[in-house]
$ cat work31.txt   # compact mmCIF, C-alpha atoms
# COMPACT_ATOMS: atom_id res chain seq x y z
CA MET J 312 85.02 116.26 63.83
CA ASP J 313 84.98 114.20 60.66
CA ALA J 314 87.67 116.39 59.11
CA ALA J 315 89.81 115.95 62.23
CA GLY J 316 89.46 112.16 62.05
CA ALA J 317 87.49 111.63 65.26
CA ASP J 318 85.88 108.19 65.42
CA GLY J 319 83.26 108.75 68.13
CA GLU J 320 79.69 109.66 67.33
CA ILE J 321 78.19 112.81 68.77
CA ARG J 322 75.70 112.16 71.54
CA TRP J 323 72.94 114.64 72.37
CA LEU J 324 72.19 114.92 76.08
CA ASP J 325 68.78 115.71 77.56
CA ASP J 326 70.09 118.78 79.36
CA HIS J 327 72.98 121.24 79.10
CA ALA J 328 76.25 119.77 80.36
CA THR J 329 78.16 122.99 80.94
CA THR J 330 80.25 121.48 83.75
CA ALA J 331 82.25 118.28 84.02
CA ALA J 332 80.07 117.14 86.93
CA ARG J 333 76.88 117.55 84.88
CA ALA J 334 78.35 115.75 81.89
CA ALA J 335 79.67 112.89 84.04
CA GLU J 336 76.29 112.49 85.74
CA ALA J 337 74.44 112.49 82.41
CA LEU J 338 76.81 109.89 80.95
CA GLY J 339 77.26 107.76 84.07
CA VAL J 340 81.05 108.06 83.96
CA PRO J 341 83.71 109.31 86.40
CA VAL J 342 84.12 113.09 86.36
CA GLY J 343 87.82 112.55 85.57
CA ALA J 344 86.86 111.07 82.19
CA ILE J 345 85.35 114.39 81.09
CA ALA J 346 87.70 116.56 79.03
CA ASN J 347 86.90 120.14 79.96
CA SER J 348 87.68 122.50 77.07
CA LEU J 349 89.00 125.65 78.71
CA VAL J 350 90.40 128.63 76.86
CA PHE J 351 93.09 130.68 78.54
CA THR J 352 95.40 133.39 77.34
CA LEU J 353 99.13 132.94 77.55
CA ASP J 354 100.55 136.44 77.37
CA ASP J 355 97.44 137.49 75.40
CA GLU J 356 97.49 134.54 72.95
CA PRO J 357 94.59 132.05 73.22
CA VAL J 358 95.46 128.55 74.42
CA LEU J 359 93.00 125.67 74.63
CA VAL J 360 93.52 123.40 77.64
CA LEU J 361 91.71 120.06 77.62
CA THR J 362 91.74 119.13 81.27
CA SER J 363 90.34 116.29 83.31
CA GLY J 364 87.12 117.20 85.07
CA ALA J 365 88.65 115.76 88.24
CA HIS J 366 90.62 118.93 88.94
CA ARG J 367 91.10 122.58 88.04
CA VAL J 368 93.98 123.91 85.97
CA ASP J 369 96.65 125.43 88.21
CA THR J 370 97.31 128.58 86.18
CA ASP J 371 100.46 129.52 88.10
CA PHE J 372 101.94 126.04 87.63
CA LEU J 373 100.99 125.72 83.96
CA GLY J 374 101.91 129.30 83.12
CA SER J 375 105.33 128.74 84.64
CA ARG J 376 105.76 125.52 82.61
CA LEU J 377 104.83 127.44 79.47
CA GLY J 378 107.05 130.41 80.28
CA GLY J 379 104.39 133.07 80.60
CA ARG J 380 101.31 134.35 82.40
CA LEU J 381 98.23 132.16 82.01
CA ALA J 382 94.80 133.71 82.62
CA ARG J 383 91.18 132.74 81.88
CA ALA J 384 90.06 134.09 78.53
CA SER J 385 87.06 136.37 78.19
CA LYS J 386 83.93 135.01 76.56
CA GLU J 387 84.75 137.16 73.53
CA THR J 388 88.23 135.66 73.24
CA VAL J 389 86.78 132.14 73.54
CA ARG J 390 84.31 132.81 70.75
CA ASP J 391 86.91 134.52 68.53
CA ALA J 392 89.45 131.71 69.00
CA THR J 393 87.11 128.73 68.73
CA GLY J 394 83.99 129.97 66.97
CA GLN J 395 82.04 128.45 69.86
CA VAL J 396 80.66 129.64 73.18
CA ILE J 397 81.72 128.73 76.70
CA GLY J 398 80.00 125.55 77.87
CA GLY J 399 80.27 123.54 74.68
CA VAL J 400 83.68 124.27 73.16
CA ALA J 401 84.83 121.28 71.13
CA PRO J 402 88.52 120.40 70.94
CA VAL J 403 88.38 120.73 67.12
CA GLY J 404 86.53 122.72 64.46
CA HIS J 405 87.95 126.14 65.22
CA PRO J 406 88.24 128.90 62.58
CA SER J 407 92.04 128.65 62.76
CA PRO J 408 94.44 126.46 64.75
CA VAL J 409 94.56 127.12 68.50
CA ARG J 410 97.54 125.97 70.54
CA THR J 411 96.17 123.00 72.49
CA LEU J 412 97.41 121.31 75.65
CA VAL J 413 95.96 117.96 76.72
CA ASP J 414 96.00 117.07 80.41
CA VAL J 415 98.04 113.90 80.96
CA ASP J 416 95.57 112.84 83.67
CA LEU J 417 93.00 112.11 80.96
CA GLY J 418 95.29 109.27 79.85
CA VAL J 419 94.17 106.98 82.68
CA HIS J 420 90.70 106.62 81.13
CA ASP J 421 89.97 104.20 78.29
CA VAL J 422 87.18 106.49 77.10
CA VAL J 423 87.30 110.26 77.42
CA TRP J 424 84.25 112.43 76.73
CA ALA J 425 84.66 115.85 75.13
CA ALA J 426 82.25 118.62 74.17
CA ALA J 427 81.07 118.61 70.57
CA GLY J 428 80.43 122.31 69.98
CA HIS J 429 77.14 122.70 71.86
CA ALA J 430 76.31 122.53 75.58
CA LYS J 431 74.11 119.46 74.99
CA THR J 432 76.57 117.49 72.86
CA VAL J 433 79.56 115.29 73.67
CA PHE J 434 81.56 112.63 71.91
CA PRO J 435 83.61 109.66 73.11
CA THR J 436 87.27 109.44 72.25
CA SER J 437 90.50 108.06 73.64
CA TYR J 438 93.35 110.05 75.08
CA ASP J 439 95.60 109.16 72.14
CA GLU J 440 92.93 110.14 69.63
CA LEU J 441 92.31 113.42 71.47
CA VAL J 442 95.99 114.30 71.26
CA ARG J 443 96.08 113.29 67.58
CA ILE J 444 92.97 115.13 66.37
CA THR J 445 93.88 118.33 68.20
CA GLY J 446 97.60 118.28 67.44
CA GLY J 447 97.80 118.90 71.17
CA THR J 448 100.73 118.61 73.52
CA PRO J 449 100.36 116.19 76.45
CA THR J 450 100.95 118.31 79.54
CA PRO J 451 100.40 118.12 83.28
CA VAL J 452 98.10 120.97 84.30
CA VAL J 453 98.53 120.61 88.07
CA PRO J 454 101.69 120.02 90.10
CA PRO J 455 102.51 116.37 90.82
CA ALA J 456 101.12 115.03 94.07
CA GLU J 457 103.72 114.93 96.80
$ encode --input "work31.txt" --output "structure tokens"
Amino acid sequence: MDAAGADGEIRWLDDHATTAARAAEALGVPVGAIANSLVFTLDDEPVLVLTSGAHRVDTDFLGSRLGGRLARASKETVRDATGQVIGGVAPVGHPSPVRTLVDVDLGVHDVVWAAAGHAKTVFPTSYDELVRITGGTPTPVVPPAE
């Protein structure tokens, strides 16, 4: 995180926060302010999607936007791509760069909380910093509300 230029300090939680709801409850913040780190494959290439905990990634919608088929990655693919296990994947610190998409819905929160590489750790950041430190692309991950 230091190498990426993240300003927030890592916070250890009392219990595992493997879901956005658990993390939000532990931190006393809205679930939408939790940046879920989800690894998918886009035509067999790993893609990290940092999505608001307020909704699920619409894989058909996002895959179509990206011009391919988007599917949940296996736990082996997650570990190979990020060097971390499901439930605590940080947005940075991977063995090699992973294409990263950052949910635009996270931008409504002044403080966004992301995993810090372990299921009991998180760190505060801003949407702009999250995009900067990941080299991510701001992207809607669900269709616009009608």
$ closest_residue --input "work31.txt" --among "J:Ala426, J:Phe372, J:Leu361, J:Val433" --to "Gly446 of chain J" --atoms "only C-alpha atoms"
J:Leu361
$ residues_around --input "work31.txt" --residues "Ala346 of chain J" --least-positions-apart "6" --cutoff "10 Å" --atoms "only C-alpha atoms" --output "number ranges by chain"
J: 331, 334, 360-365, 401-402, 413-414, 416-417, 423-426, 433, 435-436, 438, 441
$ atom_distance --input "work31.txt" --atom1 "atom CA of Ala384 of chain J" --atom2 "atom CA of Leu349 of chain J"
8.5 Å
$ atom_distance --input "work31.txt" --atom1 "atom CA of Ile397 of chain J" --atom2 "atom CA of Arg322 of chain J"
18.4 Å
$ residues_around --input "work31.txt" --residues "Gly398 of chain J" --least-positions-apart "3" --cutoff "10 Å" --atoms "only C-alpha atoms" --output "VMD selection string"
chain J and resid 327 to 331 347 to 349 395 401 426 428 to 431
$ atom_distance --input "work31.txt" --atom1 "atom CA of Ser407 of chain J" --atom2 "atom CA of His366 of chain J"
28.0 Å
$ residues_around --input "work31.txt" --residues "Arg380 of chain J" --least-positions-apart "2" --cutoff "8 Å" --atoms "only C-alpha atoms" --output "count of residues only"
9
$ axis_aligned_box --input "work31.txt" --around "segment 355-371 of chain J" --padding-each-side "8 Å" --output "JSON"
{"center_x": 93.8, "center_y": 126.6, "center_z": 80.9, "size_x": 29.3, "size_y": 37.7, "size_z": 32.0}
$ closest_residue --input "work31.txt" --among "J:Pro454, J:Asp355, J:Leu377, J:Arg367" --to "Gly343 of chain J" --atoms "only C-alpha atoms"
J:Arg367
$ closest_residue --input "work31.txt" --among "J:Leu338, J:Ile321, J:Ala392, J:Val422" --to "Pro357 of chain J" --atoms "all atoms listed in the file"
J:Ala392
$ closest_residue --input "work31.txt" --among "J:Pro449, J:Ala332, J:Ala456, J:Asp369" --to "Ile345 of chain J" --atoms "all atoms listed in the file"
J:Ala332
$ residues_around --input "work31.txt" --residues "Thr393 of chain J" --least-positions-apart "6" --cutoff "8 Å" --atoms "only C-alpha atoms" --output "list in words"
Val400, Gly404, His405, Pro406, Ser407 and Val409 of chain J
$ write_last_selection --input "work31.txt" --atoms "C-alpha atoms" --output "PDB file, in the frame of the given file"
ATOM      1  CA  VAL J 400      83.680 124.270  73.160  1.00  0.00           C
ATOM      2  CA  GLY J 404      86.530 122.720  64.460  1.00  0.00           C
ATOM      3  CA  HIS J 405      87.950 126.140  65.220  1.00  0.00           C
ATOM      4  CA  PRO J 406      88.240 128.900  62.580  1.00  0.00           C
ATOM      5  CA  SER J 407      92.040 128.650  62.760  1.00  0.00           C
ATOM      6  CA  VAL J 409      94.560 127.120  68.500  1.00  0.00           C
TER       7      VAL J 409
END
$ closest_residue --input "work31.txt" --among "J:Ala337, J:Ile444, J:Ala344, J:Val403" --to "His420 of chain J" --atoms "all atoms listed in the file"
J:Ala344
$ closest_residue --input "work31.txt" --among "J:Ser437, J:Thr432, J:Thr448, J:Ser385" --to "Leu412 of chain J" --atoms "all atoms listed in the file"
J:Thr448
